[in-house]
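What follows is start_31.txt (compact mmCIF, N, CA and C atoms).
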```txt
# COMPACT_ATOMS: atom_id res chain seq x y z
N VAL A 1 68.59 52.20 -14.81
CA VAL A 1 68.07 52.93 -13.67
C VAL A 1 68.76 52.40 -12.41
N PRO A 2 69.33 53.25 -11.60
CA PRO A 2 69.99 52.79 -10.38
C PRO A 2 68.99 52.14 -9.42
N PRO A 3 69.39 51.05 -8.77
CA PRO A 3 68.47 50.35 -7.87
C PRO A 3 67.95 51.22 -6.73
N GLU A 4 68.76 52.16 -6.25
CA GLU A 4 68.27 53.03 -5.18
C GLU A 4 67.14 53.93 -5.66
N SER A 5 67.17 54.31 -6.95
CA SER A 5 66.07 55.10 -7.52
C SER A 5 64.82 54.25 -7.68
N VAL A 6 65.00 53.01 -8.09
CA VAL A 6 63.86 52.09 -8.21
C VAL A 6 63.20 51.91 -6.84
N TYR A 7 64.01 51.73 -5.81
CA TYR A 7 63.47 51.54 -4.46
C TYR A 7 62.73 52.80 -3.99
N ALA A 8 63.35 53.97 -4.15
CA ALA A 8 62.73 55.22 -3.70
C ALA A 8 61.40 55.47 -4.42
N PHE A 9 61.38 55.25 -5.72
CA PHE A 9 60.16 55.44 -6.49
C PHE A 9 59.07 54.47 -6.03
N THR A 10 59.43 53.20 -5.88
CA THR A 10 58.46 52.19 -5.46
C THR A 10 57.90 52.51 -4.09
N PHE A 11 58.76 52.87 -3.17
CA PHE A 11 58.30 53.19 -1.82
C PHE A 11 57.35 54.39 -1.85
N TYR A 12 57.71 55.43 -2.58
CA TYR A 12 56.87 56.62 -2.64
C TYR A 12 55.49 56.30 -3.21
N ILE A 13 55.44 55.58 -4.32
CA ILE A 13 54.15 55.26 -4.95
C ILE A 13 53.32 54.38 -4.03
N TRP A 14 53.94 53.36 -3.42
CA TRP A 14 53.21 52.46 -2.52
C TRP A 14 52.68 53.22 -1.31
N GLN A 15 53.52 54.07 -0.75
CA GLN A 15 53.10 54.85 0.42
C GLN A 15 51.92 55.75 0.07
N GLN A 16 51.95 56.40 -1.07
CA GLN A 16 50.86 57.28 -1.46
C GLN A 16 49.58 56.50 -1.76
N ALA A 17 49.71 55.35 -2.39
CA ALA A 17 48.53 54.54 -2.71
C ALA A 17 47.85 54.03 -1.46
N GLN A 18 48.63 53.70 -0.45
CA GLN A 18 48.10 53.09 0.77
C GLN A 18 47.83 54.09 1.88
N ARG A 19 47.94 55.37 1.62
CA ARG A 19 47.67 56.41 2.61
C ARG A 19 46.22 56.86 2.48
N TRP A 20 45.48 56.70 3.56
CA TRP A 20 44.08 57.09 3.58
C TRP A 20 43.90 58.10 4.70
N PRO A 21 44.04 59.40 4.42
CA PRO A 21 44.06 60.41 5.48
C PRO A 21 42.72 60.66 6.17
N THR A 22 41.60 60.37 5.50
CA THR A 22 40.31 60.66 6.14
C THR A 22 39.33 59.51 6.13
N ASN A 23 39.28 58.75 5.03
CA ASN A 23 38.29 57.68 4.90
C ASN A 23 38.72 56.75 3.77
N GLY A 24 39.16 55.55 4.12
CA GLY A 24 39.67 54.61 3.13
C GLY A 24 38.70 54.30 2.01
N GLU A 25 37.41 54.37 2.31
CA GLU A 25 36.40 54.08 1.30
C GLU A 25 36.44 55.10 0.15
N GLN A 26 36.85 56.32 0.46
CA GLN A 26 36.99 57.36 -0.57
C GLN A 26 38.44 57.57 -0.97
N ASP A 27 39.34 57.53 0.01
CA ASP A 27 40.75 57.82 -0.26
C ASP A 27 41.42 56.75 -1.12
N TYR A 28 41.16 55.47 -0.84
CA TYR A 28 41.84 54.39 -1.56
C TYR A 28 41.53 54.44 -3.06
N PRO A 29 40.26 54.48 -3.49
CA PRO A 29 40.03 54.53 -4.94
C PRO A 29 40.54 55.83 -5.58
N ARG A 30 40.48 56.93 -4.85
CA ARG A 30 41.00 58.19 -5.38
C ARG A 30 42.52 58.07 -5.60
N ASN A 31 43.22 57.45 -4.65
CA ASN A 31 44.66 57.25 -4.80
C ASN A 31 44.97 56.34 -5.98
N LEU A 32 44.21 55.25 -6.10
CA LEU A 32 44.45 54.33 -7.21
C LEU A 32 44.25 55.03 -8.56
N HIS A 33 43.25 55.87 -8.64
CA HIS A 33 43.01 56.61 -9.88
C HIS A 33 44.15 57.60 -10.14
N ALA A 34 44.53 58.36 -9.12
CA ALA A 34 45.57 59.38 -9.28
C ALA A 34 46.92 58.77 -9.66
N LEU A 35 47.19 57.58 -9.17
CA LEU A 35 48.49 56.94 -9.40
C LEU A 35 48.45 55.88 -10.50
N SER A 36 47.34 55.72 -11.18
CA SER A 36 47.16 54.61 -12.11
C SER A 36 48.20 54.58 -13.23
N ALA A 37 48.73 55.71 -13.62
CA ALA A 37 49.75 55.73 -14.68
C ALA A 37 51.04 55.03 -14.26
N TYR A 38 51.23 54.86 -12.97
CA TYR A 38 52.47 54.26 -12.46
C TYR A 38 52.35 52.75 -12.22
N PHE A 39 51.15 52.20 -12.39
CA PHE A 39 50.93 50.77 -12.15
C PHE A 39 50.89 50.01 -13.47
N THR A 40 51.42 48.80 -13.46
CA THR A 40 51.22 47.92 -14.61
C THR A 40 49.75 47.51 -14.62
N PRO A 41 49.24 47.05 -15.74
CA PRO A 41 47.84 46.60 -15.76
C PRO A 41 47.54 45.53 -14.72
N SER A 42 48.46 44.59 -14.52
CA SER A 42 48.20 43.53 -13.54
C SER A 42 48.23 44.07 -12.12
N CYS A 43 49.11 45.02 -11.83
CA CYS A 43 49.15 45.63 -10.50
C CYS A 43 47.88 46.44 -10.26
N ARG A 44 47.46 47.19 -11.27
CA ARG A 44 46.24 47.98 -11.16
C ARG A 44 45.04 47.08 -10.88
N ALA A 45 44.96 45.96 -11.58
CA ALA A 45 43.86 45.01 -11.38
C ALA A 45 43.91 44.40 -9.98
N PHE A 46 45.10 44.07 -9.51
CA PHE A 46 45.26 43.51 -8.16
C PHE A 46 44.80 44.51 -7.10
N LEU A 47 45.23 45.77 -7.24
CA LEU A 47 44.85 46.79 -6.25
C LEU A 47 43.36 47.10 -6.32
N GLN A 48 42.78 47.10 -7.50
CA GLN A 48 41.34 47.33 -7.63
C GLN A 48 40.57 46.20 -6.96
N GLN A 49 41.04 44.97 -7.15
CA GLN A 49 40.41 43.82 -6.50
C GLN A 49 40.56 43.91 -4.98
N ASP A 50 41.72 44.37 -4.52
CA ASP A 50 41.94 44.56 -3.09
C ASP A 50 40.96 45.60 -2.54
N PHE A 51 40.79 46.70 -3.27
CA PHE A 51 39.83 47.72 -2.85
C PHE A 51 38.42 47.15 -2.76
N GLU A 52 37.98 46.45 -3.81
CA GLU A 52 36.63 45.88 -3.82
C GLU A 52 36.43 44.91 -2.67
N PHE A 53 37.41 44.05 -2.42
CA PHE A 53 37.32 43.09 -1.32
C PHE A 53 37.20 43.80 0.02
N ARG A 54 38.07 44.77 0.26
CA ARG A 54 38.06 45.49 1.54
C ARG A 54 36.76 46.29 1.71
N ARG A 55 36.30 46.91 0.62
CA ARG A 55 35.06 47.69 0.71
C ARG A 55 33.87 46.78 1.01
N SER A 56 33.79 45.64 0.32
CA SER A 56 32.65 44.75 0.53
C SER A 56 32.65 44.12 1.92
N ASN A 57 33.81 44.05 2.55
CA ASN A 57 33.90 43.52 3.92
C ASN A 57 33.84 44.62 4.98
N GLY A 58 33.60 45.86 4.57
CA GLY A 58 33.48 46.96 5.51
C GLY A 58 34.79 47.38 6.15
N GLU A 59 35.92 47.05 5.53
CA GLU A 59 37.22 47.36 6.12
C GLU A 59 37.68 48.78 5.87
N LEU A 60 37.03 49.50 4.97
CA LEU A 60 37.53 50.82 4.57
C LEU A 60 36.75 51.98 5.16
N ARG A 61 35.51 51.75 5.52
CA ARG A 61 34.64 52.84 5.98
C ARG A 61 35.24 53.54 7.19
N GLN A 62 35.51 54.82 7.04
CA GLN A 62 36.07 55.67 8.10
C GLN A 62 37.45 55.20 8.57
N ARG A 63 38.13 54.38 7.77
CA ARG A 63 39.47 53.88 8.12
C ARG A 63 40.52 54.90 7.71
N VAL A 64 41.39 55.26 8.62
CA VAL A 64 42.51 56.17 8.38
C VAL A 64 43.78 55.34 8.44
N ARG A 65 44.69 55.56 7.50
CA ARG A 65 45.90 54.74 7.45
C ARG A 65 47.10 55.56 7.00
N GLY A 66 48.23 55.25 7.59
CA GLY A 66 49.52 55.79 7.16
C GLY A 66 50.49 54.63 7.03
N ILE A 67 51.37 54.71 6.05
CA ILE A 67 52.36 53.66 5.80
C ILE A 67 53.74 54.27 6.00
N TYR A 68 54.58 53.56 6.76
CA TYR A 68 55.92 54.06 7.08
C TYR A 68 56.95 52.96 6.91
N GLU A 69 58.12 53.33 6.46
CA GLU A 69 59.22 52.38 6.36
C GLU A 69 59.69 52.02 7.76
N ILE A 70 59.95 50.74 7.99
CA ILE A 70 60.42 50.29 9.30
C ILE A 70 61.89 50.69 9.43
N PRO A 71 62.24 51.44 10.48
CA PRO A 71 63.64 51.84 10.67
C PRO A 71 64.56 50.61 10.71
N GLY A 72 65.68 50.73 10.02
CA GLY A 72 66.62 49.62 9.96
C GLY A 72 66.28 48.58 8.91
N ARG A 73 65.21 48.81 8.15
CA ARG A 73 64.78 47.84 7.13
C ARG A 73 64.63 48.52 5.76
N GLY A 74 65.35 49.61 5.54
CA GLY A 74 65.26 50.33 4.28
C GLY A 74 66.30 49.88 3.28
N TYR A 75 66.37 50.57 2.18
CA TYR A 75 67.28 50.21 1.09
C TYR A 75 68.73 50.15 1.56
N GLY A 76 69.18 51.17 2.27
CA GLY A 76 70.58 51.26 2.68
C GLY A 76 71.02 50.17 3.63
N ASP A 77 70.08 49.53 4.29
CA ASP A 77 70.41 48.49 5.27
C ASP A 77 70.77 47.16 4.61
N ASP A 78 70.25 46.90 3.42
CA ASP A 78 70.56 45.66 2.70
C ASP A 78 70.10 45.81 1.24
N PRO A 79 70.85 46.58 0.45
CA PRO A 79 70.41 46.87 -0.92
C PRO A 79 70.08 45.64 -1.76
N ALA A 80 70.88 44.60 -1.65
CA ALA A 80 70.64 43.41 -2.48
C ALA A 80 69.33 42.72 -2.14
N ALA A 81 68.90 42.83 -0.88
CA ALA A 81 67.63 42.22 -0.47
C ALA A 81 66.43 43.08 -0.84
N ARG A 82 66.65 44.33 -1.14
CA ARG A 82 65.55 45.26 -1.40
C ARG A 82 65.17 45.37 -2.87
N VAL A 83 66.15 45.33 -3.76
CA VAL A 83 65.87 45.48 -5.19
C VAL A 83 66.59 44.37 -5.96
N ARG A 84 65.80 43.58 -6.67
CA ARG A 84 66.37 42.54 -7.52
C ARG A 84 66.02 42.88 -8.97
N THR A 85 67.02 43.01 -9.80
CA THR A 85 66.82 43.33 -11.21
C THR A 85 66.43 42.07 -11.96
N VAL A 86 65.29 42.14 -12.63
CA VAL A 86 64.81 41.03 -13.46
C VAL A 86 65.25 41.25 -14.90
N SER A 87 65.13 42.50 -15.36
CA SER A 87 65.58 42.89 -16.69
C SER A 87 65.82 44.40 -16.65
N ALA A 88 66.18 44.97 -17.79
CA ALA A 88 66.46 46.41 -17.83
C ALA A 88 65.26 47.25 -17.41
N ASN A 89 64.05 46.72 -17.56
CA ASN A 89 62.84 47.47 -17.23
C ASN A 89 61.96 46.81 -16.19
N ASN A 90 62.46 45.79 -15.52
CA ASN A 90 61.67 45.07 -14.51
C ASN A 90 62.50 44.79 -13.27
N TRP A 91 61.89 45.04 -12.12
CA TRP A 91 62.55 44.81 -10.85
C TRP A 91 61.56 44.19 -9.88
N ILE A 92 62.09 43.49 -8.91
CA ILE A 92 61.30 43.04 -7.77
C ILE A 92 61.81 43.83 -6.58
N VAL A 93 60.91 44.58 -5.96
CA VAL A 93 61.27 45.45 -4.84
C VAL A 93 60.59 44.93 -3.58
N THR A 94 61.37 44.80 -2.53
CA THR A 94 60.84 44.37 -1.24
C THR A 94 60.81 45.57 -0.31
N LEU A 95 59.62 45.90 0.18
CA LEU A 95 59.43 46.99 1.13
C LEU A 95 59.03 46.41 2.47
N ASP A 96 59.70 46.82 3.52
CA ASP A 96 59.28 46.47 4.87
C ASP A 96 58.65 47.72 5.47
N VAL A 97 57.33 47.69 5.60
CA VAL A 97 56.60 48.87 6.06
C VAL A 97 55.72 48.52 7.26
N SER A 98 55.37 49.55 7.95
CA SER A 98 54.43 49.45 9.07
C SER A 98 53.21 50.29 8.70
N ALA A 99 52.04 49.77 8.99
CA ALA A 99 50.81 50.51 8.72
C ALA A 99 50.17 50.91 10.05
N ASP A 100 49.95 52.19 10.23
CA ASP A 100 49.19 52.68 11.38
C ASP A 100 47.77 52.92 10.90
N GLU A 101 46.82 52.22 11.50
CA GLU A 101 45.42 52.35 11.10
C GLU A 101 44.54 52.60 12.31
N TYR A 102 43.52 53.38 12.09
CA TYR A 102 42.50 53.57 13.11
C TYR A 102 41.22 54.04 12.44
N LEU A 103 40.14 53.96 13.17
CA LEU A 103 38.86 54.45 12.66
C LEU A 103 38.76 55.93 12.94
N GLY A 104 38.45 56.70 11.87
CA GLY A 104 38.39 58.15 11.99
C GLY A 104 37.08 58.63 12.55
```
Taking this structure as input, can you express it in the form of structure tokens?
Amino acid sequence: VPPESVYAFTFYIWQQAQRWPTNGEQDYPRNLHALSAYFTPSCRAFLQQDFEFRRSNGELRQRVRGIYEIPGRGYGDDPAARVRTVSANNWIVTLDVSADEYLG
């Protein structure tokens, strides 16, 4: 798999998982469920734990969020720093993103 495809896929899935258009308390778990086929079991468990932690601390209620790639910090700016191949089916991807959040 070409590293640029790995980066694009990872960015898209991460952006969709972390996008809460109306209410993070409802949007975040819905996104995790909808995208669960794309997560490894350990990633799914980590994100579920993140959701539970944020929900129990009141961080998600009426929270609206968008995730965007930071200009000048994408794959094309430094490919070797963005995707590291671990094996034929494993990569470490570094995303530099900005999160815009506000209470809806």
Which of chain A fall in alpha helix (DSSP H), as an MDAnalysis selection string: chainID A and resid 3:17 24:34 41:56 79:82
Atomic separation - CA of Trp20 (chain A) relative to CA of Leu47 (chain A), Å: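 Between these atoms lies a distance of 14.3 Å.
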Point-to-point distance from atom C of Arg65 (chain A) to atom C of Ser98 (chain A), Å rounded to tenths: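 Result for atom C of Arg65 (chain A) versus atom C of Ser98 (chain A): 8.2 Å, one decimal.
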Distance in Å - CA of Trp91 (chain A) versus atom C of Asp27 (chain A):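 Distance between the two atoms: 26.1 Å.
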Nearest residue to Thr94 (chain A) from the set A:Tyr28, A:Phe53, A:Tyr7, A:Tyr12 (distances using only N, CA and C atoms):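 The shortest atom-to-atom distance to Thr94 (chain A) comes from A:Tyr7.
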All residues 6.5 Å or closer to Pro21 (chain A), all atoms listed in the file, same chain fewer than 2 positions away omitted, as a ChimeraX atom specification: /A:19,23-24,27,63-65
Who sits within 12 Å of Ala8 (chain A), only C-alpha atoms, same chain under 2 positions skipped, as a list in words: Val1, Pro2, Pro3, Glu4, Ser5, Val6, Thr10, Phe11, Tyr12, Ile13, Trp14, Gln15, Glu69, Gly74, Tyr75, Gly76, Pro79, Arg82, Val83, Val93, Thr94 and Leu95 of chain A
